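Here is the file input_25.cif (mmCIF, C-alpha atoms).
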```cif
data_work
#
loop_
_atom_site.label_atom_id
_atom_site.label_comp_id
_atom_site.auth_asym_id
_atom_site.auth_seq_id
_atom_site.Cartn_x
_atom_site.Cartn_y
_atom_site.Cartn_z
CA MET A 8 172.23 -3.45 -40.89
CA MET A 9 170.05 -4.86 -43.61
CA PRO A 10 167.99 -2.42 -45.72
CA ARG A 11 164.27 -2.66 -45.05
CA ASN A 12 163.50 -3.44 -48.69
CA GLU A 13 165.58 -6.65 -48.55
CA PRO A 14 163.41 -9.22 -46.73
CA LEU A 15 164.97 -12.02 -44.75
CA ALA A 16 164.80 -15.40 -46.48
CA LEU A 17 163.44 -18.60 -45.00
CA CYS A 18 165.47 -21.73 -44.38
CA ASN A 19 165.91 -24.06 -47.37
CA ASP A 20 165.87 -27.47 -45.70
CA ASP A 21 165.99 -29.49 -48.93
CA ALA A 22 169.09 -27.73 -50.26
CA PHE A 23 170.93 -28.08 -46.99
CA SER A 24 169.98 -31.68 -46.23
CA HIS A 25 170.97 -33.06 -49.65
CA GLY A 26 173.64 -35.65 -48.94
CA ARG A 27 173.30 -35.26 -45.17
CA ALA A 28 171.67 -37.56 -42.62
CA LYS A 29 168.32 -36.31 -41.39
CA ARG A 30 168.55 -35.01 -37.84
CA GLU A 31 166.47 -36.49 -35.04
CA ARG A 32 164.09 -34.11 -33.32
CA ARG A 33 164.31 -34.13 -29.51
CA PHE A 34 161.99 -32.47 -27.02
CA TYR A 35 163.06 -30.29 -24.12
CA ARG A 36 161.61 -27.92 -21.53
CA ALA A 37 163.02 -24.46 -20.69
CA TYR A 38 161.61 -21.02 -19.83
CA GLY A 39 158.11 -22.49 -19.56
CA LEU A 40 158.27 -23.65 -23.19
CA THR A 41 158.26 -27.04 -24.88
CA ILE A 42 161.08 -27.02 -27.43
CA ALA A 43 161.40 -29.44 -30.36
CA SER A 44 165.03 -29.29 -31.45
CA GLU A 45 167.19 -30.85 -34.16
CA VAL A 46 170.20 -29.62 -32.17
CA THR A 47 171.07 -31.87 -29.24
CA LEU A 48 170.77 -29.82 -26.05
CA PRO A 49 171.79 -31.87 -23.00
CA GLU A 50 171.83 -28.61 -21.00
CA LEU A 51 168.02 -28.60 -21.03
CA GLN A 52 165.57 -30.84 -19.25
CA PRO A 53 164.00 -33.51 -21.47
CA ALA A 54 160.27 -33.36 -22.22
CA ALA A 55 157.74 -35.81 -23.64
CA PRO A 56 157.15 -35.50 -27.40
CA GLY A 57 154.12 -33.39 -28.22
CA ALA A 58 153.00 -29.98 -29.39
CA ALA A 59 155.97 -27.60 -29.37
CA ASP A 60 155.99 -23.91 -28.50
CA VAL A 61 159.33 -23.47 -30.29
CA VAL A 62 160.87 -25.46 -33.14
CA ILE A 63 164.65 -25.46 -33.71
CA ALA A 64 165.59 -26.75 -37.17
CA VAL A 65 168.92 -27.20 -38.96
CA GLY A 66 169.09 -26.27 -42.64
CA ALA A 67 170.39 -23.76 -45.16
CA ILE A 68 169.57 -20.08 -44.63
CA ASP A 69 169.55 -18.13 -47.88
CA LEU A 70 171.40 -15.07 -46.59
CA PRO A 71 175.02 -13.94 -46.95
CA LYS A 72 177.30 -15.20 -44.20
CA PRO A 73 179.84 -12.93 -42.50
CA SER A 74 183.43 -13.01 -43.72
CA PRO A 75 186.30 -13.90 -41.37
CA GLU A 76 187.14 -10.17 -41.24
CA ALA A 77 183.59 -9.07 -40.39
CA ALA A 78 183.12 -12.01 -37.96
CA THR A 79 179.43 -11.22 -37.28
CA ASP A 80 176.30 -10.07 -39.08
CA PHE A 81 173.16 -9.02 -37.18
CA ARG A 82 169.97 -8.01 -39.03
CA PHE A 83 166.57 -7.19 -37.59
CA GLU A 84 163.04 -6.90 -38.99
CA PRO A 85 159.73 -6.63 -37.13
CA ASP A 86 158.93 -10.34 -37.64
CA ARG A 87 162.41 -11.89 -38.10
CA GLN A 88 165.89 -11.58 -36.66
CA TYR A 89 169.10 -12.90 -38.19
CA LEU A 90 172.34 -13.34 -36.27
CA ALA A 91 175.43 -14.96 -37.75
CA TRP A 92 178.89 -15.67 -36.39
CA HIS A 93 181.51 -16.69 -38.95
CA ALA A 94 183.10 -19.23 -36.59
CA VAL A 95 179.81 -20.74 -35.35
CA GLY A 96 176.93 -20.41 -37.80
CA ALA A 97 173.81 -18.48 -38.77
CA PHE A 98 170.57 -18.26 -36.76
CA LEU A 99 167.18 -17.03 -38.03
CA ILE A 100 164.37 -16.33 -35.52
CA THR A 101 160.90 -16.25 -37.09
CA ASP A 102 157.61 -15.27 -35.43
CA SER A 103 158.90 -16.06 -31.91
CA SER A 104 158.23 -19.77 -32.48
CA ARG A 105 160.95 -21.00 -34.86
CA ILE A 106 164.74 -20.89 -34.94
CA ASP A 107 166.54 -22.02 -38.11
CA ILE A 108 170.26 -22.77 -37.88
CA GLU A 109 172.92 -23.20 -40.54
CA PRO A 110 176.09 -24.36 -38.76
CA ALA A 111 179.48 -23.23 -39.97
CA PRO A 112 181.56 -26.08 -41.46
CA GLY A 113 182.84 -28.47 -38.80
CA VAL A 114 180.86 -26.94 -35.92
CA ASP A 115 179.20 -29.41 -33.54
CA ASP A 116 176.04 -29.07 -31.47
CA ALA A 117 177.93 -28.21 -28.28
CA LEU A 118 179.27 -25.00 -29.85
CA LEU A 119 175.94 -24.20 -31.55
CA ALA A 120 174.27 -24.39 -28.15
CA PHE A 121 176.42 -21.62 -26.75
CA PRO A 122 174.79 -18.75 -28.73
CA LEU A 123 171.52 -20.67 -29.13
CA LEU A 124 170.88 -20.80 -25.37
CA GLY A 125 172.30 -17.31 -24.85
CA PRO A 126 171.53 -14.39 -27.17
CA ILE A 127 169.29 -16.33 -29.57
CA MET A 128 167.03 -17.64 -26.80
CA ALA A 129 167.06 -14.21 -25.14
CA LEU A 130 165.82 -12.51 -28.32
CA LEU A 131 163.14 -15.16 -28.85
CA LEU A 132 161.86 -14.73 -25.28
CA HIS A 133 161.87 -10.97 -25.76
CA ARG A 134 159.73 -11.37 -28.87
CA ARG A 135 157.31 -13.51 -26.83
CA GLY A 136 156.65 -10.53 -24.55
CA LEU A 137 158.98 -11.31 -21.63
CA LEU A 138 161.41 -8.81 -20.17
CA VAL A 139 164.81 -10.46 -20.55
CA LEU A 140 167.82 -9.44 -18.46
CA HIS A 141 171.49 -10.38 -18.82
CA ALA A 142 171.68 -11.73 -15.28
CA SER A 143 171.51 -14.79 -13.03
CA ALA A 144 168.69 -15.68 -10.65
CA ILE A 145 168.10 -17.97 -7.68
CA ALA A 146 165.01 -19.05 -5.75
CA ALA A 147 165.01 -18.80 -1.96
CA ALA A 148 162.01 -19.79 0.17
CA GLY A 149 159.37 -18.50 -2.24
CA THR A 150 161.34 -15.42 -3.28
CA SER A 151 163.83 -14.81 -6.05
CA ALA A 152 167.01 -12.77 -6.27
CA ILE A 153 168.27 -11.50 -9.62
CA PHE A 154 171.94 -10.57 -9.98
CA MET A 155 172.90 -8.04 -12.65
CA GLY A 156 176.23 -6.35 -13.29
CA ASP A 157 179.04 -5.67 -15.70
CA LYS A 158 181.16 -8.49 -17.08
CA GLY A 159 183.26 -9.92 -14.26
CA ALA A 160 181.03 -8.47 -11.53
CA GLY A 161 180.30 -11.96 -10.20
CA LYS A 162 176.71 -12.69 -11.23
CA SER A 163 177.14 -16.45 -11.66
CA THR A 164 179.61 -16.62 -8.78
CA THR A 165 177.15 -15.00 -6.37
CA ALA A 166 174.35 -17.26 -7.61
CA SER A 167 176.60 -20.29 -7.07
CA ALA A 168 177.38 -19.19 -3.53
CA MET A 169 173.64 -18.94 -2.87
CA ILE A 170 173.18 -22.46 -4.27
CA ARG A 171 175.94 -23.74 -1.98
CA ALA A 172 174.02 -22.17 0.92
CA GLY A 173 170.99 -24.32 0.11
CA HIS A 174 169.02 -22.23 -2.38
CA ARG A 175 168.07 -23.18 -5.94
CA LEU A 176 169.09 -21.92 -9.35
CA LEU A 177 166.35 -20.40 -11.48
CA THR A 178 168.44 -19.40 -14.48
CA ASP A 179 171.94 -18.28 -15.43
CA ASP A 180 172.90 -15.64 -18.01
CA VAL A 181 169.36 -15.21 -19.43
CA VAL A 182 166.71 -14.12 -16.89
CA ALA A 183 163.14 -13.88 -18.21
CA LEU A 184 160.49 -11.96 -16.26
CA ASP A 185 156.81 -12.67 -16.92
CA LEU A 186 154.78 -9.50 -16.42
CA ALA A 187 151.41 -10.98 -17.43
CA ASN A 188 150.12 -10.41 -13.89
CA PRO A 189 151.08 -6.79 -13.07
CA SER A 190 150.53 -7.33 -9.36
CA GLU A 191 153.10 -10.15 -9.19
CA PRO A 192 155.89 -10.33 -11.78
CA MET A 193 157.43 -13.79 -11.95
CA THR A 194 160.95 -15.05 -12.64
CA VAL A 195 160.69 -17.86 -15.21
CA PRO A 196 162.90 -20.94 -14.70
CA GLY A 197 165.50 -21.59 -17.40
CA PHE A 198 167.53 -24.79 -17.18
CA PRO A 199 169.83 -26.39 -14.57
CA GLN A 200 173.21 -25.14 -15.75
CA ILE A 201 175.54 -22.41 -14.55
CA LYS A 202 178.79 -21.17 -16.10
CA LEU A 203 181.75 -20.49 -13.83
CA ALA A 204 185.35 -19.41 -14.19
CA ALA A 205 187.91 -21.92 -12.89
CA ASP A 206 188.76 -19.97 -9.73
CA ALA A 207 185.11 -19.56 -8.75
CA ALA A 208 184.39 -23.24 -9.42
CA ALA A 209 187.34 -24.26 -7.26
CA ALA A 210 186.25 -22.01 -4.38
CA ILE A 211 182.52 -22.78 -4.49
CA SER A 212 181.58 -26.44 -4.46
CA LEU A 213 178.30 -27.27 -6.21
CA GLY A 214 178.07 -30.82 -4.90
CA GLU A 215 177.37 -33.37 -7.61
CA ALA A 216 177.26 -30.89 -10.51
CA GLU A 217 178.52 -32.32 -13.78
CA VAL A 218 181.27 -30.29 -15.43
CA ARG A 219 180.72 -30.45 -19.18
CA PRO A 220 183.59 -30.44 -21.71
CA GLN A 221 184.98 -27.06 -22.72
CA VAL A 222 183.03 -25.75 -25.70
CA HIS A 223 185.87 -23.79 -27.32
CA PRO A 224 189.40 -22.77 -26.24
CA ALA A 225 188.39 -19.10 -26.38
CA ILE A 226 185.53 -19.64 -23.91
CA ASP A 227 187.09 -19.68 -20.47
CA LYS A 228 183.99 -20.40 -18.36
CA MET A 229 183.06 -24.03 -17.76
CA GLN A 230 179.48 -25.27 -17.85
CA HIS A 231 178.24 -26.95 -14.67
CA ARG A 232 175.03 -28.94 -15.04
CA LEU A 233 173.29 -29.21 -11.70
CA ASN A 234 171.92 -32.50 -10.41
CA GLY A 235 169.28 -31.01 -8.16
CA SER A 236 169.44 -27.47 -6.69
CA PHE A 237 167.22 -26.22 -9.53
CA SER A 238 163.79 -24.62 -9.28
CA GLY A 239 161.54 -25.68 -12.15
CA ASP A 240 158.68 -23.41 -11.06
CA GLU A 241 158.12 -19.70 -11.55
CA VAL A 242 158.93 -17.66 -8.46
CA PRO A 243 157.82 -14.09 -7.62
CA ALA A 244 160.50 -11.56 -8.52
CA THR A 245 161.50 -10.11 -5.15
CA ARG A 246 164.83 -8.33 -5.53
CA ILE A 247 167.15 -7.16 -8.29
CA TYR A 248 170.73 -6.64 -7.16
CA ILE A 249 173.30 -4.69 -9.19
CA LEU A 250 176.67 -6.12 -8.24
CA GLU A 251 179.75 -4.03 -7.51
CA ARG A 252 183.03 -4.82 -5.78
CA GLY A 253 183.53 -3.28 -2.35
CA GLU A 254 185.45 -3.46 0.90
CA ARG A 255 182.53 -5.05 2.74
CA ALA A 256 179.15 -6.60 1.98
CA ASP A 257 176.53 -3.89 1.74
CA ILE A 258 173.07 -3.42 0.22
CA THR A 259 171.73 0.01 -0.73
CA PRO A 260 168.30 0.65 -2.27
CA LEU A 261 168.19 2.54 -5.56
CA PRO A 262 165.44 5.10 -6.28
CA ALA A 263 163.39 4.43 -9.41
CA ILE A 264 165.15 7.26 -11.25
CA ALA A 265 168.45 5.37 -10.85
CA ALA A 266 166.97 1.88 -11.16
CA LEU A 267 165.43 2.47 -14.60
CA PRO A 268 168.69 3.18 -16.48
CA ALA A 269 170.28 0.16 -14.80
CA ILE A 270 167.50 -2.18 -15.92
CA ILE A 271 167.65 -0.79 -19.45
CA LYS A 272 171.43 -1.20 -19.49
CA PHE A 273 171.31 -4.84 -18.41
CA SER A 274 168.28 -5.86 -20.45
CA TYR A 275 169.45 -8.36 -23.03
CA VAL A 276 167.98 -6.80 -26.16
CA THR A 277 169.76 -3.47 -25.67
CA ARG A 278 173.10 -5.25 -26.20
CA PHE A 279 172.23 -5.24 -29.91
CA GLY A 280 171.42 -1.53 -30.14
CA ARG A 281 168.36 0.39 -31.28
CA ALA A 282 168.02 -1.74 -34.43
CA ALA A 283 166.89 -4.70 -32.31
CA LEU A 284 163.81 -2.74 -31.19
CA PRO A 285 161.94 -1.99 -34.43
CA GLY A 286 158.49 -0.46 -34.56
CA ASP A 287 156.54 -0.60 -31.32
CA PHE A 288 159.06 -2.88 -29.62
CA ALA A 289 161.05 0.06 -28.23
CA THR A 290 158.00 1.62 -26.56
CA ALA A 291 156.88 -1.69 -25.10
CA HIS A 292 160.39 -2.45 -23.82
CA LEU A 293 160.71 0.95 -22.11
CA ARG A 294 157.31 0.44 -20.50
CA GLN A 295 158.38 -2.95 -19.12
CA CYS A 296 161.67 -1.62 -17.76
CA SER A 297 159.92 1.33 -16.15
CA TRP A 298 157.33 -0.91 -14.51
CA ILE A 299 160.03 -3.14 -13.01
CA ALA A 300 161.97 -0.12 -11.74
CA ASN A 301 158.88 1.12 -9.93
CA HIS A 302 157.49 -2.16 -8.57
CA ILE A 303 160.44 -4.43 -7.72
CA GLY A 304 163.13 -3.55 -5.22
CA VAL A 305 166.35 -2.67 -7.08
CA TYR A 306 169.46 -2.51 -4.89
CA ARG A 307 173.16 -1.94 -5.22
CA LEU A 308 174.96 -4.96 -3.77
CA GLU A 309 178.58 -4.56 -2.80
CA VAL A 310 180.38 -7.89 -2.77
CA PRO A 311 183.68 -8.06 -0.86
CA THR A 312 186.74 -8.64 -3.00
CA GLY A 313 188.02 -12.19 -2.63
CA LEU A 314 186.13 -15.45 -3.07
CA ASP A 315 186.84 -16.38 0.54
CA ARG A 316 184.47 -13.58 1.62
CA ILE A 317 181.53 -14.39 -0.68
CA GLY A 318 179.68 -15.87 2.32
CA GLU A 319 179.34 -12.37 3.80
CA ALA A 320 177.31 -11.31 0.77
CA VAL A 321 175.20 -14.47 0.95
CA GLU A 322 174.22 -13.81 4.57
CA LEU A 323 173.25 -10.23 3.74
CA ILE A 324 171.20 -11.30 0.71
CA GLU A 325 169.34 -13.91 2.78
CA LYS A 326 168.42 -11.31 5.41
CA ASP A 327 167.32 -8.82 2.76
CA LEU A 328 165.17 -11.38 0.91
CA SER A 329 163.53 -12.39 4.16
CA ALA A 330 162.72 -8.76 4.96
CA GLY A 331 161.50 -8.09 1.42
CA SER A 332 159.10 -11.04 1.43
CA ARG A 333 157.29 -9.96 4.62
CA PRO A 334 153.84 -8.45 4.11
CA LEU A 335 153.60 -4.71 4.70
#
```
In structure tokens, what does this structure look like?
Amino acid sequence: MMPRNEPLALCNDDAFSHGRAKRERRFYRAYGLTIASEVTLPELQPAAPGAADVVIAVGAIDLPKPSPEAATDFRFEPDRQYLAWHAVGAFLITDSSRIDIEPAPGVDDALLAFPLLGPIMALLLHRRGLLVLHASAIAAAGTSAIFMGDKGAGKSTTASAMIRAGHRLLTDDVVALDLANPSEPMTVPGFPQIKLAADAAAAISLGEAEVRPQVHPAIDKMQHRLNGSFSGDEVPATRIYILERGERADITPLPAIAALPAIIKFSYVTRFGRAALPGDFATAHLRQCSWIANHIGVYRLEVPTGLDRIGEAVELIEKDLSAGSRPL
């Protein structure tokens, strides 16, 4: 990690743009924010030009880039965060309202978007005060279900099965919870795209979803942009399900003492270690995770092995959401 006496440098647009065509700025909407971006992001919903909550700019970043051997370089300060991948490029988050990007040679916008709309966006949302989970979420009749779990547990697959059953996607991979109103935490809508492995995509039809070109040979999941079946409004956070494989579909409530470590484990910022929570951020993050563990139902969801049985889990989730949304 970077020593604290070595401040992060700002982007040098003039040095980077010399001899290059100036990029057009496009406007998008995601996570309740208006985004002005010099990176083309067809994954997001377009927005009318105007005041932007977040600016994404392309230019030179005056910081050392990782070598092919190191592959990555992550550095964190209280007001800035720097993440660089040798094969993709460097990203500098400043004051939760600006992202500067220096692409690696030959990298196009489609590959830049992969980390930009994943870990970079997650860290920016975290800095804006949202609790961000590595999860997928769907909206169902005024409620929302959030699916967390280890890699390969079936988060996106389960969300897709719920979409096939008539419900709407809220967000995939990056789930942001707005805790501004303590009495009713809300799941913030992301953008209408979900990533699926080939076998899941073949087994679960998403209607007229557009399958986008493969971003990189090493990335096996395909991006499916939904035409409809997306909720653009915040929805009350009703249930958090931790996915596990099982012999039959089953839902078991977790006590707060077990729910808290699970939420911490699957919160996005903790993937980067303690260094990503400088100063008071660690205390605030623990407080948010604890509040969620005590005020939102957290359940273990066993999903039967085999894509042909995913409907059993869907039926159980629908019944549980219906029960959870009834007034006490």
- Task: Apply the PyMOL selection byres ((chain A and resi 329) around 10) to the displayed file and report the matching residues as a ChimeraX atom specification.
- Result: /A:147-150,245,323-328,330-333
Just write the chosen residues, C-alpha atoms, as an mmCIF file, in the coordinates of the input.
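Result saved to selection_12.cif:
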```cif
data_model
loop_
_atom_site.group_PDB
_atom_site.id
_atom_site.type_symbol
_atom_site.label_atom_id
_atom_site.label_comp_id
_atom_site.auth_asym_id
_atom_site.auth_seq_id
_atom_site.Cartn_x
_atom_site.Cartn_y
_atom_site.Cartn_z
ATOM 1 C CA ALA A 147 165.010 -18.800 -1.960
ATOM 2 C CA ALA A 148 162.010 -19.790 0.170
ATOM 3 C CA GLY A 149 159.370 -18.500 -2.240
ATOM 4 C CA THR A 150 161.340 -15.420 -3.280
ATOM 5 C CA THR A 245 161.500 -10.110 -5.150
ATOM 6 C CA LEU A 323 173.250 -10.230 3.740
ATOM 7 C CA ILE A 324 171.200 -11.300 0.710
ATOM 8 C CA GLU A 325 169.340 -13.910 2.780
ATOM 9 C CA LYS A 326 168.420 -11.310 5.410
ATOM 10 C CA ASP A 327 167.320 -8.820 2.760
ATOM 11 C CA LEU A 328 165.170 -11.380 0.910
ATOM 12 C CA ALA A 330 162.720 -8.760 4.960
ATOM 13 C CA GLY A 331 161.500 -8.090 1.420
ATOM 14 C CA SER A 332 159.100 -11.040 1.430
ATOM 15 C CA ARG A 333 157.290 -9.960 4.620
#
```
Find the residues of region 80-178 of chain A that sit at most 6 Å from region 62-66 of chain A; for each, write down the nearest two atoms and how far apart they are in Å, to one decimal. Count only C-alpha atoms. Sort by chain, then by number going up, and give it as a tab-separated table.
```
residue	atom	partner	partner_atom	distance
A:Arg105	CA	A:Val62	CA	4.8
A:Ile106	CA	A:Ile63	CA	4.7
A:Asp107	CA	A:Ala64	CA	4.9
A:Ile108	CA	A:Val65	CA	4.8
A:Glu109	CA	A:Gly66	CA	5.3
```
- Task: Show which residues sit within 10 Å of region 258-262 of chain A, as a PyMOL selection string. Count only C-alpha atoms, and ignore same-chain residues fewer than 5 positions away.
- Result: chain A and resi 247-250+267+269+300-301+304-310+320+323-324+327
Dump as an mmCIF file, in the frame of the given file, selection limited to C-alpha atoms:
```
data_model
loop_
_atom_site.group_PDB
_atom_site.id
_atom_site.type_symbol
_atom_site.label_atom_id
_atom_site.label_comp_id
_atom_site.auth_asym_id
_atom_site.auth_seq_id
_atom_site.Cartn_x
_atom_site.Cartn_y
_atom_site.Cartn_z
ATOM 1 C CA ILE A 247 167.150 -7.160 -8.290
ATOM 2 C CA TYR A 248 170.730 -6.640 -7.160
ATOM 3 C CA ILE A 249 173.300 -4.690 -9.190
ATOM 4 C CA LEU A 250 176.670 -6.120 -8.240
ATOM 5 C CA LEU A 267 165.430 2.470 -14.600
ATOM 6 C CA ALA A 269 170.280 0.160 -14.800
ATOM 7 C CA ALA A 300 161.970 -0.120 -11.740
ATOM 8 C CA ASN A 301 158.880 1.120 -9.930
ATOM 9 C CA GLY A 304 163.130 -3.550 -5.220
ATOM 10 C CA VAL A 305 166.350 -2.670 -7.080
ATOM 11 C CA TYR A 306 169.460 -2.510 -4.890
ATOM 12 C CA ARG A 307 173.160 -1.940 -5.220
ATOM 13 C CA LEU A 308 174.960 -4.960 -3.770
ATOM 14 C CA GLU A 309 178.580 -4.560 -2.800
ATOM 15 C CA VAL A 310 180.380 -7.890 -2.770
ATOM 16 C CA ALA A 320 177.310 -11.310 0.770
ATOM 17 C CA LEU A 323 173.250 -10.230 3.740
ATOM 18 C CA ILE A 324 171.200 -11.300 0.710
ATOM 19 C CA ASP A 327 167.320 -8.820 2.760
#
```
Which polymer residues have any atom within 10 Å of an atom of Phe81 (chain A), counting all atoms listed in the file, with same-chain residues fewer than 3 positions away left out, as a JSON list (two decimals) with C-alpha atoms, in the frame of the given file?
```
[["chain", "number", "residue", "atom", "x", "y", "z"],
["A", 8, "MET", "CA", 172.23, -3.45, -40.89],
["A", 9, "MET", "CA", 170.05, -4.86, -43.61],
["A", 73, "PRO", "CA", 179.84, -12.93, -42.50],
["A", 88, "GLN", "CA", 165.89, -11.58, -36.66],
["A", 89, "TYR", "CA", 169.10, -12.90, -38.19],
["A", 90, "LEU", "CA", 172.34, -13.34, -36.27],
["A", 91, "ALA", "CA", 175.43, -14.96, -37.75],
["A", 92, "TRP", "CA", 178.89, -15.67, -36.39],
["A", 97, "ALA", "CA", 173.81, -18.48, -38.77],
["A", 98, "PHE", "CA", 170.57, -18.26, -36.76],
["A", 279, "PHE", "CA", 172.23, -5.24, -29.91],
["A", 282, "ALA", "CA", 168.02, -1.74, -34.43],
["A", 283, "ALA", "CA", 166.89, -4.70, -32.31]]
```
- CA of Ala120 (chain A) and CA of Ala43 (chain A) are how many Å apart?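 Taking CA of Ala120 (chain A) and CA of Ala43 (chain A), their separation equals 14.0 Å.
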- Could you write out as a ChimeraX atom specification the residues that the PyMOL selection byres ((chain A and resi 46-50) around 12) matches in the shown file? /A:29-37,42-45,51-54,62-66,106-110,114-121,123-125,178-179,197-202,217-220,230-234
- Message: So that I can see what lies close to Glu241 (chain A), please list as a list in words the residues with an atom at most 7 Å from it, counting all atoms listed in the file and leaving out residues fewer than 3 positions away in the same chain.
- Response: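 Once the nearby chain positions are removed, what remains is Met193, Thr194, Val195 and Pro196 of chain A.
When all atoms listed in the file are used to compute distances to His223 (chain A), the closest of the residues A:Ala94, A:Ala129, A:Leu99, A:Ala78 turns out to be A:Ala94.
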